[in-house]
file my_file.cif (mmCIF, C-alpha atoms)
data_structure
#
loop_
_atom_site.label_atom_id
_atom_site.label_comp_id
_atom_site.auth_asym_id
_atom_site.auth_seq_id
_atom_site.Cartn_x
_atom_site.Cartn_y
_atom_site.Cartn_z
CA MET A 286 91.98 105.87 88.69
CA ASN A 287 93.63 104.02 91.55
CA ASP A 288 91.98 105.94 94.39
CA TRP A 289 90.09 102.73 95.28
CA PHE A 290 93.46 101.51 96.59
CA GLU A 291 92.83 103.77 99.59
CA VAL A 292 90.14 101.31 100.68
CA PHE A 293 92.39 98.30 100.18
CA ALA A 294 95.05 100.11 102.23
CA PHE A 295 92.62 100.60 105.13
CA HIS A 296 91.85 96.88 105.26
CA LEU A 297 95.55 95.97 105.07
CA ASP A 298 96.25 98.38 107.93
CA ARG A 299 93.67 96.67 110.14
CA VAL A 300 94.64 93.10 109.20
CA LEU A 301 98.29 93.82 110.05
CA GLY A 302 97.30 95.34 113.39
CA LEU A 303 98.80 98.75 112.61
CA ASN A 304 95.56 100.68 113.21
CA ARG A 305 96.85 104.02 111.94
CA SER A 306 94.80 104.71 108.78
CA LEU A 307 91.38 106.35 108.71
CA PRO A 308 88.35 104.16 107.89
CA ALA A 309 87.58 104.05 104.16
CA VAL A 310 84.81 102.44 102.11
CA LEU A 311 83.99 102.27 98.40
CA ARG A 312 80.63 103.71 97.43
CA ASN A 313 78.57 104.94 94.46
CA PHE A 314 77.57 108.58 94.80
CA HIS A 315 74.49 110.16 93.23
CA SER A 316 74.22 113.68 94.65
CA GLU A 317 74.03 116.44 92.02
CA VAL A 318 76.12 118.74 94.21
CA LEU A 319 79.18 116.57 93.49
CA PRO A 320 81.38 116.94 90.39
CA TYR A 321 80.59 114.53 87.55
CA ARG A 322 83.68 112.38 88.16
CA TYR A 323 82.19 111.36 91.50
CA ILE A 324 78.75 110.43 90.15
CA SER A 325 79.74 108.87 86.81
CA GLY A 326 78.82 105.37 88.00
CA THR A 327 82.30 104.33 89.07
CA PRO A 328 82.52 103.62 92.83
CA ARG A 329 84.76 106.06 94.69
CA PRO A 330 86.34 105.92 98.15
CA ALA A 331 84.80 107.73 101.10
CA VAL A 332 87.30 108.34 103.91
CA TRP A 333 86.35 109.20 107.48
CA TRP A 334 87.11 112.83 108.27
CA ASP A 335 88.89 113.29 111.60
CA PRO A 336 88.69 116.88 112.91
CA ASP A 337 91.33 116.10 115.54
CA ILE A 338 94.16 115.79 112.98
CA GLN A 339 96.70 118.51 113.53
CA HIS A 340 97.70 120.71 110.56
CA LEU A 341 100.47 123.28 110.37
CA ALA A 342 99.30 126.86 110.02
CA GLU A 343 101.44 127.59 106.94
CA LYS A 344 99.31 127.68 103.78
CA ASP A 345 101.91 125.79 101.73
CA ASN A 346 102.56 123.16 104.39
CA ASP A 347 99.16 122.34 105.83
CA GLN A 348 99.42 118.68 104.79
CA ASN A 349 101.76 118.06 107.72
CA SER A 350 101.54 118.13 111.48
CA VAL A 351 105.32 118.47 111.65
CA GLN A 352 107.78 119.74 109.07
CA LEU A 353 110.61 117.35 108.22
CA THR A 354 113.25 117.18 105.53
CA TRP A 355 114.79 113.84 104.55
CA VAL A 356 118.00 114.74 106.40
CA GLN A 357 116.09 115.66 109.57
CA TYR A 358 114.07 112.44 109.30
CA GLN A 359 117.21 110.30 109.13
CA LYS A 360 118.67 112.08 112.17
CA LEU A 361 115.39 111.55 114.00
CA LEU A 362 115.55 107.82 113.28
CA GLN A 363 119.12 107.62 114.59
CA ALA A 364 118.08 109.41 117.78
CA ARG A 365 115.39 106.75 118.52
CA CYS A 366 113.06 109.34 120.05
CA GLY A 367 111.12 108.21 123.08
CA SER A 368 113.46 105.27 123.54
CA HIS A 369 117.10 106.42 123.64
CA THR A 370 116.35 110.15 123.36
CA ASP A 371 113.78 112.38 125.04
CA GLN A 372 110.97 113.16 122.59
CA ARG A 373 111.35 116.86 123.44
CA SER A 374 115.00 116.96 122.33
CA ALA A 375 116.22 118.89 119.29
CA HIS A 376 116.13 116.01 116.79
CA CYS A 377 112.69 114.75 117.86
CA VAL A 378 109.22 115.96 116.87
CA GLY A 379 107.19 114.23 119.58
CA VAL A 380 106.51 111.04 117.59
CA GLN A 381 107.45 107.71 119.20
CA HIS A 382 110.34 105.93 117.43
CA SER A 383 108.34 102.74 116.79
CA GLU A 384 105.79 104.70 114.73
CA TRP A 385 108.26 105.14 111.87
CA GLY A 386 108.68 101.37 111.54
CA ARG A 387 104.90 101.01 111.24
CA LEU A 388 104.79 103.68 108.56
CA ALA A 389 107.74 102.26 106.61
CA LEU A 390 106.30 98.73 106.59
CA PHE A 391 102.89 99.98 105.45
CA ASP A 392 104.30 102.24 102.73
CA PHE A 393 106.68 99.55 101.45
CA LEU A 394 103.93 96.94 101.08
CA LEU A 395 101.72 99.40 99.21
CA GLN A 396 104.65 101.23 97.54
CA ILE A 397 103.36 104.62 98.65
CA ASN A 398 106.03 107.14 97.71
CA ASP A 399 103.98 110.29 98.23
CA ARG A 400 104.91 110.60 101.89
CA LEU A 401 108.52 109.64 102.55
CA ASP A 402 109.71 109.96 98.94
CA ARG A 403 107.56 112.46 97.03
CA CYS A 404 110.40 113.12 94.58
CA CYS A 405 110.61 109.43 93.57
CA CYS A 406 114.30 109.15 94.48
CA GLY A 407 114.15 105.50 95.55
CA PHE A 408 112.97 103.95 92.26
CA ILE A 409 112.97 104.62 88.53
CA PRO A 410 109.80 106.62 87.80
CA ASP A 411 107.95 106.56 84.51
CA LEU A 412 108.20 109.77 82.50
CA THR A 413 104.47 110.32 83.01
CA GLU A 414 104.81 110.36 86.82
CA LEU A 415 103.87 113.64 88.50
CA CYS A 416 107.23 113.68 90.27
CA VAL A 417 108.89 113.81 86.83
CA GLU A 418 106.43 116.20 85.17
CA ASN A 419 106.64 118.60 88.13
CA LEU A 420 110.46 118.41 88.12
CA LEU A 421 110.53 117.01 91.67
CA HIS A 422 112.68 114.06 90.60
CA ALA A 423 115.40 116.51 89.58
CA LYS A 424 115.83 117.43 93.27
CA CYS A 425 117.07 113.97 94.23
CA GLY A 426 120.70 115.05 93.96
CA ASN A 427 120.32 117.46 96.88
CA THR A 428 118.94 115.78 100.01
CA LYS A 429 118.47 119.15 101.73
CA ASP A 430 115.67 119.93 99.26
CA LEU A 431 113.74 116.73 99.95
CA LYS A 432 110.73 117.14 102.23
CA LEU A 433 108.35 114.63 103.76
CA VAL A 434 104.59 115.16 103.34
CA HIS A 435 101.44 113.79 104.97
CA ILE A 436 103.27 113.33 108.30
CA LEU A 437 100.23 113.73 110.51
CA VAL A 438 99.24 113.18 114.15
CA ARG A 439 96.14 113.81 116.23
CA LYS A 440 96.07 116.73 118.65
CA ALA A 441 94.93 114.35 121.40
CA ASP A 442 97.80 111.89 120.79
CA PRO A 443 100.76 113.57 119.03
CA SER A 444 103.09 110.63 119.69
CA ARG A 445 101.26 108.40 117.17
CA LEU A 446 101.09 108.89 113.42
CA VAL A 447 97.93 108.92 111.31
CA PHE A 448 98.16 107.46 107.80
CA ILE A 449 96.21 109.37 105.12
CA ASP A 450 96.41 109.54 101.31
CA ASN A 451 97.30 105.87 101.05
CA ALA A 452 96.71 105.37 97.33
CA GLY A 453 99.84 103.35 96.58
CA ARG A 454 101.17 101.53 93.53
CA PRO A 455 99.50 98.18 92.84
CA GLN A 456 101.37 97.82 89.53
CA GLN A 457 104.89 98.60 90.79
CA SER A 458 107.18 95.83 89.52
CA THR A 459 109.25 93.72 91.91
CA ASP A 460 112.51 94.78 90.27
CA ASN A 461 111.70 98.48 90.84
CA LEU A 462 110.57 98.49 94.47
CA ASN A 463 111.33 101.59 96.51
CA PHE A 464 113.69 100.56 99.32
CA ARG A 465 114.21 104.19 100.26
CA LEU A 466 110.94 103.79 102.17
CA VAL A 467 112.68 101.56 104.73
CA GLU A 468 116.00 103.43 104.82
CA GLY A 469 117.13 104.15 108.38
CA ILE A 470 114.45 101.94 109.95
CA ASP A 471 115.94 99.67 112.63
CA GLU A 472 112.77 98.01 113.96
CA PHE A 473 109.40 96.85 112.67
CA PRO A 474 106.13 95.98 114.46
CA GLU A 475 106.20 92.35 115.58
CA LYS A 476 102.49 91.66 115.00
CA ALA A 477 102.52 92.91 111.41
CA VAL A 478 105.67 90.93 110.64
CA SER A 479 104.13 87.79 112.15
CA VAL A 480 101.08 88.15 109.86
CA LEU A 481 103.35 88.45 106.81
CA HIS A 482 105.33 85.41 107.98
CA SER A 483 102.27 83.29 108.78
CA GLY A 484 101.06 82.84 105.19
CA CYS A 485 97.57 83.89 106.32
CA LEU A 486 97.55 87.37 104.78
CA GLU A 487 95.42 86.35 101.79
CA ASN A 488 92.65 84.76 103.85
CA LEU A 489 92.64 87.57 106.40
CA LEU A 490 92.40 90.24 103.72
CA LEU A 491 89.69 88.45 101.77
CA ARG A 492 87.58 88.09 104.93
CA SER A 493 88.08 91.79 105.72
CA LEU A 494 87.43 93.07 102.19
CA TYR A 495 84.25 90.99 101.93
CA THR A 496 82.65 93.30 104.53
CA ASP A 497 82.73 96.15 101.97
CA ARG A 498 80.43 94.60 99.38
CA GLU A 499 80.74 97.56 96.98
CA PHE A 500 84.50 97.07 96.89
CA TRP A 501 84.22 93.28 96.77
CA ASP A 502 81.74 93.17 93.89
CA SER A 503 83.40 95.91 91.82
CA HIS A 504 86.73 94.04 91.93
CA GLY A 505 85.40 90.63 91.01
CA GLY A 506 85.26 89.09 94.47
CA ALA A 507 87.93 86.69 95.67
CA GLY A 508 89.06 85.79 92.16
CA GLY A 509 89.64 89.39 91.20
CA LEU A 510 91.35 90.36 94.43
CA ARG A 511 93.75 87.44 94.85
CA PRO A 512 96.31 88.71 92.29
CA LEU A 513 96.54 92.06 94.12
CA ILE A 514 96.88 90.39 97.50
CA GLN A 515 99.57 88.10 96.14
CA VAL A 516 101.53 91.15 94.94
CA VAL A 517 101.42 92.57 98.47
CA GLN A 518 102.42 89.21 99.96
CA GLN A 519 105.36 89.03 97.55
CA ARG A 520 106.49 92.46 98.71
CA GLY A 521 106.03 91.22 102.26
CA ASN A 522 108.34 88.29 101.59
CA ILE A 523 110.94 90.68 100.21
CA LEU A 524 110.60 92.85 103.31
CA LEU A 525 110.96 89.79 105.56
CA GLN A 526 114.21 88.95 103.79
CA HIS A 527 115.38 92.54 104.29
CA ILE A 528 114.64 92.25 108.02
CA ARG A 529 116.61 88.99 108.23
CA ASP A 530 119.54 90.30 106.20
CA LYS A 531 119.84 93.46 108.30
CA LYS A 532 119.10 91.61 111.57
CA LEU A 533 116.51 94.26 112.45
CA ARG A 534 114.56 94.27 115.70
CA LEU A 535 110.86 93.49 116.06
CA LYS A 536 108.89 95.77 118.37
CA ARG A 537 106.15 94.18 120.46
CA ASP A 538 103.09 96.35 121.16
CA LEU A 539 102.51 97.02 124.84
#
call {"tool": "encode", "arguments": {"input": "my_file.cif", "output": "structure tokens"}}
result
Amino acid sequence: MNDWFEVFAFHLDRVLGLNRSLPAVLRNFHSEVLPYRYISGTPRPAVWWDPDIQHLAEKDNDQNSVQLTWVQYQKLLQARCGSHTDQRSAHCVGVQHSEWGRLALFDFLLQINDRLDRCCCGFIPDLTELCVENLLHAKCGNTKDLKLVHILVRKADPSRLVFIDNAGRPQQSTDNLNFRLVEGIDEFPEKAVSVLHSGCLENLLLRSLYTDREFWDSHGGAGGLRPLIQVVQQRGNILLQHIRDKKLRLKRDL
């Protein structure tokens, strides 16, 4: 299982200065009240539960704070809510425009499709993928049917996103990266881009991951983690080239 990637994602979030994901650690569980898969001896992630996260009341849509289709999302990006357009206007959902650049950068580096692209429309999925088995991929021809999931905010600060369910794709090949994740994005966070550009990502991540000794030891320490970090850095280099090619803005945090 790749749910340990949730922990790696938390450390990447902090190293890049995004600060939008919930704290996560890798631990061995022993309680008999848990299902066997959690106490089988394989370390599993424990993610901080935040009671302030806002959920929609609808039973079938409680994994969102706001309901968005792909078409609505693209219109929202064009409106630049909170910058060029009042966040209370028709196209906006109360989330600051710069938040979407943070999310897109994070999801691209980790190749998380189960948020902006649950139907796997932006890459060629394997036939064993859930999006294929559940016939979601068949919806890609009709953008009106495509919905975003895990778009969450806190009740106390609805203008900022919260990143959850961050188990991405460590094995996604470079020639099959999902660029749909950055479609419509016209600015990225300056601090995160500067870390990618600096060449220091590997050292910063190794220092951060070392603090979770369960994660560190179970993945072979620095030697075991370097190949994964290098994959993320390679994706970062590709994203940097995309930013240069499109002449996209960098947003400085206030």
call {"tool": "residues_near_point", "arguments": {"input": "my_file.cif", "point": "(114.1, 116.7, 112.5)", "cutoff": "6 Å", "atoms": "only C-alpha atoms", "output": "ChimeraX atom specification"}}
result
/A:353,357-358,361,376-377
call {"tool": "residues_around", "arguments": {"input": "my_file.cif", "residues": "Asn419 (chain A)", "least_positions_apart": "5", "cutoff": "12 Å", "atoms": "all atoms listed in the file", "output": "JSON, numbers by chain"}}
result
{"A": [403, 404, 405, 412, 413, 414, 424]}
call {"tool": "residues_around", "arguments": {"input": "my_file.cif", "residues": "Gln363 (chain A)", "least_positions_apart": "6", "cutoff": "10 Å", "atoms": "all atoms listed in the file", "output": "compact mmCIF listing (two decimals) with C-alpha atoms, keeping the file's coordinate frame"}}
result
# COMPACT_ATOMS: atom_id res chain seq x y z
CA GLN A 357 116.09 115.66 109.57
CA HIS A 369 117.10 106.42 123.64
CA THR A 370 116.35 110.15 123.36
CA HIS A 376 116.13 116.01 116.79
CA HIS A 382 110.34 105.93 117.43
CA GLY A 469 117.13 104.15 108.38
CA ILE A 470 114.45 101.94 109.95
CA ASP A 471 115.94 99.67 112.63
call {"tool": "atom_distance", "arguments": {"input": "my_file.cif", "atom1": "CA of Val434 (chain A)", "atom2": "CA of Pro330 (chain A)"}}
result
21.1 Å
call {"tool": "atom_distance", "arguments": {"input": "my_file.cif", "atom1": "CA of Val467 (chain A)", "atom2": "CA of Ala309 (chain A)"}}
result
25.2 Å
call {"tool": "residues_around", "arguments": {"input": "my_file.cif", "residues": "region 492-498 of chain A", "least_positions_apart": "2", "cutoff": "8 Å", "atoms": "only C-alpha atoms", "output": "PyMOL selection string"}}
result
chain A and resi 293+296+300+310-311+488-490+500-502+506
call {"tool": "write_last_selection", "arguments": {"input": "my_file.cif", "atoms": "C-alpha atoms", "output": "PDB file, in the frame of the given file"}}
result
ATOM      1  CA  PHE A 293      92.390  98.300 100.180  1.00  0.00           C
ATOM      2  CA  HIS A 296      91.850  96.880 105.260  1.00  0.00           C
ATOM      3  CA  VAL A 300      94.640  93.100 109.200  1.00  0.00           C
ATOM      4  CA  VAL A 310      84.810 102.440 102.110  1.00  0.00           C
ATOM      5  CA  LEU A 311      83.990 102.270  98.400  1.00  0.00           C
ATOM      6  CA  ASN A 488      92.650  84.760 103.850  1.00  0.00           C
ATOM      7  CA  LEU A 489      92.640  87.570 106.400  1.00  0.00           C
ATOM      8  CA  LEU A 490      92.400  90.240 103.720  1.00  0.00           C
ATOM      9  CA  PHE A 500      84.500  97.070  96.890  1.00  0.00           C
ATOM     10  CA  TRP A 501      84.220  93.280  96.770  1.00  0.00           C
ATOM     11  CA  ASP A 502      81.740  93.170  93.890  1.00  0.00           C
ATOM     12  CA  GLY A 506      85.260  89.090  94.470  1.00  0.00           C
TER      13      GLY A 506
END
call {"tool": "residues_around", "arguments": {"input": "my_file.cif", "residues": "Ile397 (chain A)", "least_positions_apart": "5", "cutoff": "12 Å", "atoms": "all atoms listed in the file", "output": "PyMOL selection string"}}
result
chain A and resi 290-291+294+388-392+402-405+407-408+434-435+448-457+462-467
call {"tool": "resolve_selection", "arguments": {"input": "my_file.cif", "expression": "the PyMOL selection byres ((chain A and resi 515-526) around 10)", "output": "PyMOL selection string"}}
result
chain A and resi 297+390-391+393-396+455-459+462+464+467+477-482+484-487+510-514+527-533
call {"tool": "axis_aligned_box", "arguments": {"input": "my_file.cif", "around": "region 453-470 of chain A", "padding_each_side": "4 Å", "output": "AutoDock Vina command-line options"}}
result
--center_x 108.3 --center_y 99.0 --center_z 99.7 --size_x 25.6 --size_y 18.5 --size_z 28.4
call {"tool": "atom_distance", "arguments": {"input": "my_file.cif", "atom1": "CA of Arg537 (chain A)", "atom2": "CA of Val380 (chain A)"}}
result
17.1 Å
call {"tool": "resolve_selection", "arguments": {"input": "my_file.cif", "expression": "the PyMOL selection byres ((chain A and resi 306) around 7)", "output": "PyMOL selection string"}}
result
chain A and resi 295+298+304-305+307-308+447-449
call {"tool": "closest_residue", "arguments": {"input": "my_file.cif", "among": "A:Ile324, A:Asp347, A:Ala331, A:Leu421", "to": "Arg312 (chain A)", "atoms": "all atoms listed in the file"}}
result
A:Ala331
call {"tool": "residues_around", "arguments": {"input": "my_file.cif", "residues": "Asp538 (chain A)", "least_positions_apart": "4", "cutoff": "8 Å", "atoms": "all atoms listed in the file", "output": "MDAnalysis selection string"}}
result
chainID A and resid 474:476
call {"tool": "closest_residue", "arguments": {"input": "my_file.cif", "among": "A:Gln359, A:Ser444, A:Thr327, A:Asn427", "to": "Gln381 (chain A)", "atoms": "all atoms listed in the file"}}
result
A:Ser444
call {"tool": "closest_residue", "arguments": {"input": "my_file.cif", "among": "A:Lys429, A:Arg534, A:Arg329, A:Arg445", "to": "Gly379 (chain A)", "atoms": "all atoms listed in the file"}}
result
A:Arg445
call {"tool": "build_atoms", "arguments": {"input": "my_file.cif", "residues": "region 408-419 of chain A", "atoms": "all heavy atoms", "output": "PDB file, in the coordinates of the input"}}
result
ATOM      1  N   PHE A 408     113.298 104.888  93.348  1.00  0.00           N
ATOM      2  CA  PHE A 408     112.970 103.950  92.260  1.00  0.00           C
ATOM      3  C   PHE A 408     113.048 104.711  90.946  1.00  0.00           C
ATOM      4  O   PHE A 408     113.266 105.931  90.923  1.00  0.00           O
ATOM      5  CB  PHE A 408     111.585 103.333  92.461  1.00  0.00           C
ATOM      6  CG  PHE A 408     110.452 104.324  92.369  1.00  0.00           C
ATOM      7  CD1 PHE A 408     109.669 104.406  91.229  1.00  0.00           C
ATOM      8  CD2 PHE A 408     110.160 105.170  93.437  1.00  0.00           C
ATOM      9  CE1 PHE A 408     108.632 105.320  91.146  1.00  0.00           C
ATOM     10  CE2 PHE A 408     109.120 106.086  93.357  1.00  0.00           C
ATOM     11  CZ  PHE A 408     108.353 106.159  92.216  1.00  0.00           C
ATOM     12  N   ILE A 409     112.924 103.996  89.859  1.00  0.00           N
ATOM     13  CA  ILE A 409     112.970 104.620  88.530  1.00  0.00           C
ATOM     14  C   ILE A 409     111.539 104.971  88.111  1.00  0.00           C
ATOM     15  O   ILE A 409     110.749 104.080  87.781  1.00  0.00           O
ATOM     16  CB  ILE A 409     113.619 103.679  87.496  1.00  0.00           C
ATOM     17  CG1 ILE A 409     115.031 103.292  87.946  1.00  0.00           C
ATOM     18  CG2 ILE A 409     113.653 104.332  86.127  1.00  0.00           C
ATOM     19  CD1 ILE A 409     115.678 102.223  87.080  1.00  0.00           C
ATOM     20  N   PRO A 410     111.180 106.243  88.145  1.00  0.00           N
ATOM     21  CA  PRO A 410     109.800 106.620  87.800  1.00  0.00           C
ATOM     22  C   PRO A 410     109.576 106.664  86.295  1.00  0.00           C
ATOM     23  O   PRO A 410     110.503 106.912  85.521  1.00  0.00           O
ATOM     24  CB  PRO A 410     109.672 108.025  88.407  1.00  0.00           C
ATOM     25  CG  PRO A 410     111.056 108.579  88.353  1.00  0.00           C
ATOM     26  CD  PRO A 410     111.985 107.402  88.561  1.00  0.00           C
ATOM     27  N   ASP A 411     108.337 106.408  85.905  1.00  0.00           N
ATOM     28  CA  ASP A 411     107.950 106.560  84.510  1.00  0.00           C
ATOM     29  C   ASP A 411     107.930 108.050  84.160  1.00  0.00           C
ATOM     30  O   ASP A 411     107.722 108.903  85.037  1.00  0.00           O
ATOM     31  CB  ASP A 411     106.559 105.955  84.300  1.00  0.00           C
ATOM     32  CG  ASP A 411     106.182 105.873  82.832  1.00  0.00           C
ATOM     33  OD1 ASP A 411     106.553 104.889  82.191  1.00  0.00           O
ATOM     34  OD2 ASP A 411     105.522 106.823  82.349  1.00  0.00           O
ATOM     35  N   LEU A 412     108.151 108.367  82.914  1.00  0.00           N
ATOM     36  CA  LEU A 412     108.200 109.770  82.500  1.00  0.00           C
ATOM     37  C   LEU A 412     106.869 110.491  82.678  1.00  0.00           C
ATOM     38  O   LEU A 412     106.822 111.724  82.696  1.00  0.00           O
ATOM     39  CB  LEU A 412     108.649 109.860  81.031  1.00  0.00           C
ATOM     40  CG  LEU A 412     110.088 109.403  80.736  1.00  0.00           C
ATOM     41  CD1 LEU A 412     110.380 109.515  79.243  1.00  0.00           C
ATOM     42  CD2 LEU A 412     111.101 110.208  81.542  1.00  0.00           C
ATOM     43  N   THR A 413     105.777 109.713  82.823  1.00  0.00           N
ATOM     44  CA  THR A 413     104.470 110.320  83.010  1.00  0.00           C
ATOM     45  C   THR A 413     104.147 110.575  84.482  1.00  0.00           C
ATOM     46  O   THR A 413     103.093 111.133  84.792  1.00  0.00           O
ATOM     47  CB  THR A 413     103.373 109.410  82.425  1.00  0.00           C
ATOM     48  OG1 THR A 413     103.419 108.126  83.089  1.00  0.00           O
ATOM     49  CG2 THR A 413     103.590 109.204  80.933  1.00  0.00           C
ATOM     50  N   GLU A 414     105.036 110.152  85.386  1.00  0.00           N
ATOM     51  CA  GLU A 414     104.810 110.360  86.820  1.00  0.00           C
ATOM     52  C   GLU A 414     104.791 111.853  87.139  1.00  0.00           C
ATOM     53  O   GLU A 414     105.540 112.651  86.559  1.00  0.00           O
ATOM     54  CB  GLU A 414     105.924 109.699  87.639  1.00  0.00           C
ATOM     55  CG  GLU A 414     106.000 108.200  87.496  1.00  0.00           C
ATOM     56  CD  GLU A 414     105.059 107.477  88.427  1.00  0.00           C
ATOM     57  OE1 GLU A 414     104.289 108.152  89.144  1.00  0.00           O
ATOM     58  OE2 GLU A 414     105.077 106.243  88.433  1.00  0.00           O
ATOM     59  N   LEU A 415     103.943 112.234  88.095  1.00  0.00           N
ATOM     60  CA  LEU A 415     103.870 113.640  88.500  1.00  0.00           C
ATOM     61  C   LEU A 415     105.205 114.140  89.030  1.00  0.00           C
ATOM     62  O   LEU A 415     105.557 115.309  88.836  1.00  0.00           O
ATOM     63  CB  LEU A 415     102.780 113.822  89.559  1.00  0.00           C
ATOM     64  CG  LEU A 415     101.331 113.759  89.070  1.00  0.00           C
ATOM     65  CD1 LEU A 415     100.379 113.873  90.239  1.00  0.00           C
ATOM     66  CD2 LEU A 415     101.070 114.851  88.041  1.00  0.00           C
ATOM     67  N   CYS A 416     105.950 113.251  89.716  1.00  0.00           N
ATOM     68  CA  CYS A 416     107.230 113.680  90.270  1.00  0.00           C
ATOM     69  C   CYS A 416     108.225 114.045  89.165  1.00  0.00           C
ATOM     70  O   CYS A 416     109.151 114.836  89.390  1.00  0.00           O
ATOM     71  CB  CYS A 416     107.813 112.612  91.184  1.00  0.00           C
ATOM     72  SG  CYS A 416     108.150 111.032  90.377  1.00  0.00           S
ATOM     73  N   VAL A 417     108.035 113.469  87.975  1.00  0.00           N
ATOM     74  CA  VAL A 417     108.890 113.810  86.830  1.00  0.00           C
ATOM     75  C   VAL A 417     108.349 115.050  86.130  1.00  0.00           C
ATOM     76  O   VAL A 417     109.085 116.002  85.842  1.00  0.00           O
ATOM     77  CB  VAL A 417     108.995 112.633  85.843  1.00  0.00           C
ATOM     78  CG1 VAL A 417     109.811 113.040  84.620  1.00  0.00           C
ATOM     79  CG2 VAL A 417     109.616 111.426  86.518  1.00  0.00           C
ATOM     80  N   GLU A 418     107.043 115.066  85.871  1.00  0.00           N
ATOM     81  CA  GLU A 418     106.430 116.200  85.170  1.00  0.00           C
ATOM     82  C   GLU A 418     106.577 117.500  85.947  1.00  0.00           C
ATOM     83  O   GLU A 418     106.740 118.573  85.358  1.00  0.00           O
ATOM     84  CB  GLU A 418     104.948 115.899  84.909  1.00  0.00           C
ATOM     85  CG  GLU A 418     104.712 114.784  83.900  1.00  0.00           C
ATOM     86  CD  GLU A 418     103.235 114.579  83.605  1.00  0.00           C
ATOM     87  OE1 GLU A 418     102.400 115.220  84.282  1.00  0.00           O
ATOM     88  OE2 GLU A 418     102.922 113.781  82.697  1.00  0.00           O
ATOM     89  N   ASN A 419     106.523 117.409  87.286  1.00  0.00           N
ATOM     90  CA  ASN A 419     106.640 118.600  88.130  1.00  0.00           C
ATOM     91  C   ASN A 419     108.082 118.905  88.525  1.00  0.00           C
ATOM     92  O   ASN A 419     108.321 119.753  89.409  1.00  0.00           O
ATOM     93  CB  ASN A 419     105.789 118.435  89.396  1.00  0.00           C
ATOM     94  CG  ASN A 419     104.303 118.367  89.078  1.00  0.00           C
ATOM     95  OD1 ASN A 419     103.863 118.857  88.040  1.00  0.00           O
ATOM     96  ND2 ASN A 419     103.529 117.761  89.961  1.00  0.00           N
TER      97      ASN A 419
END
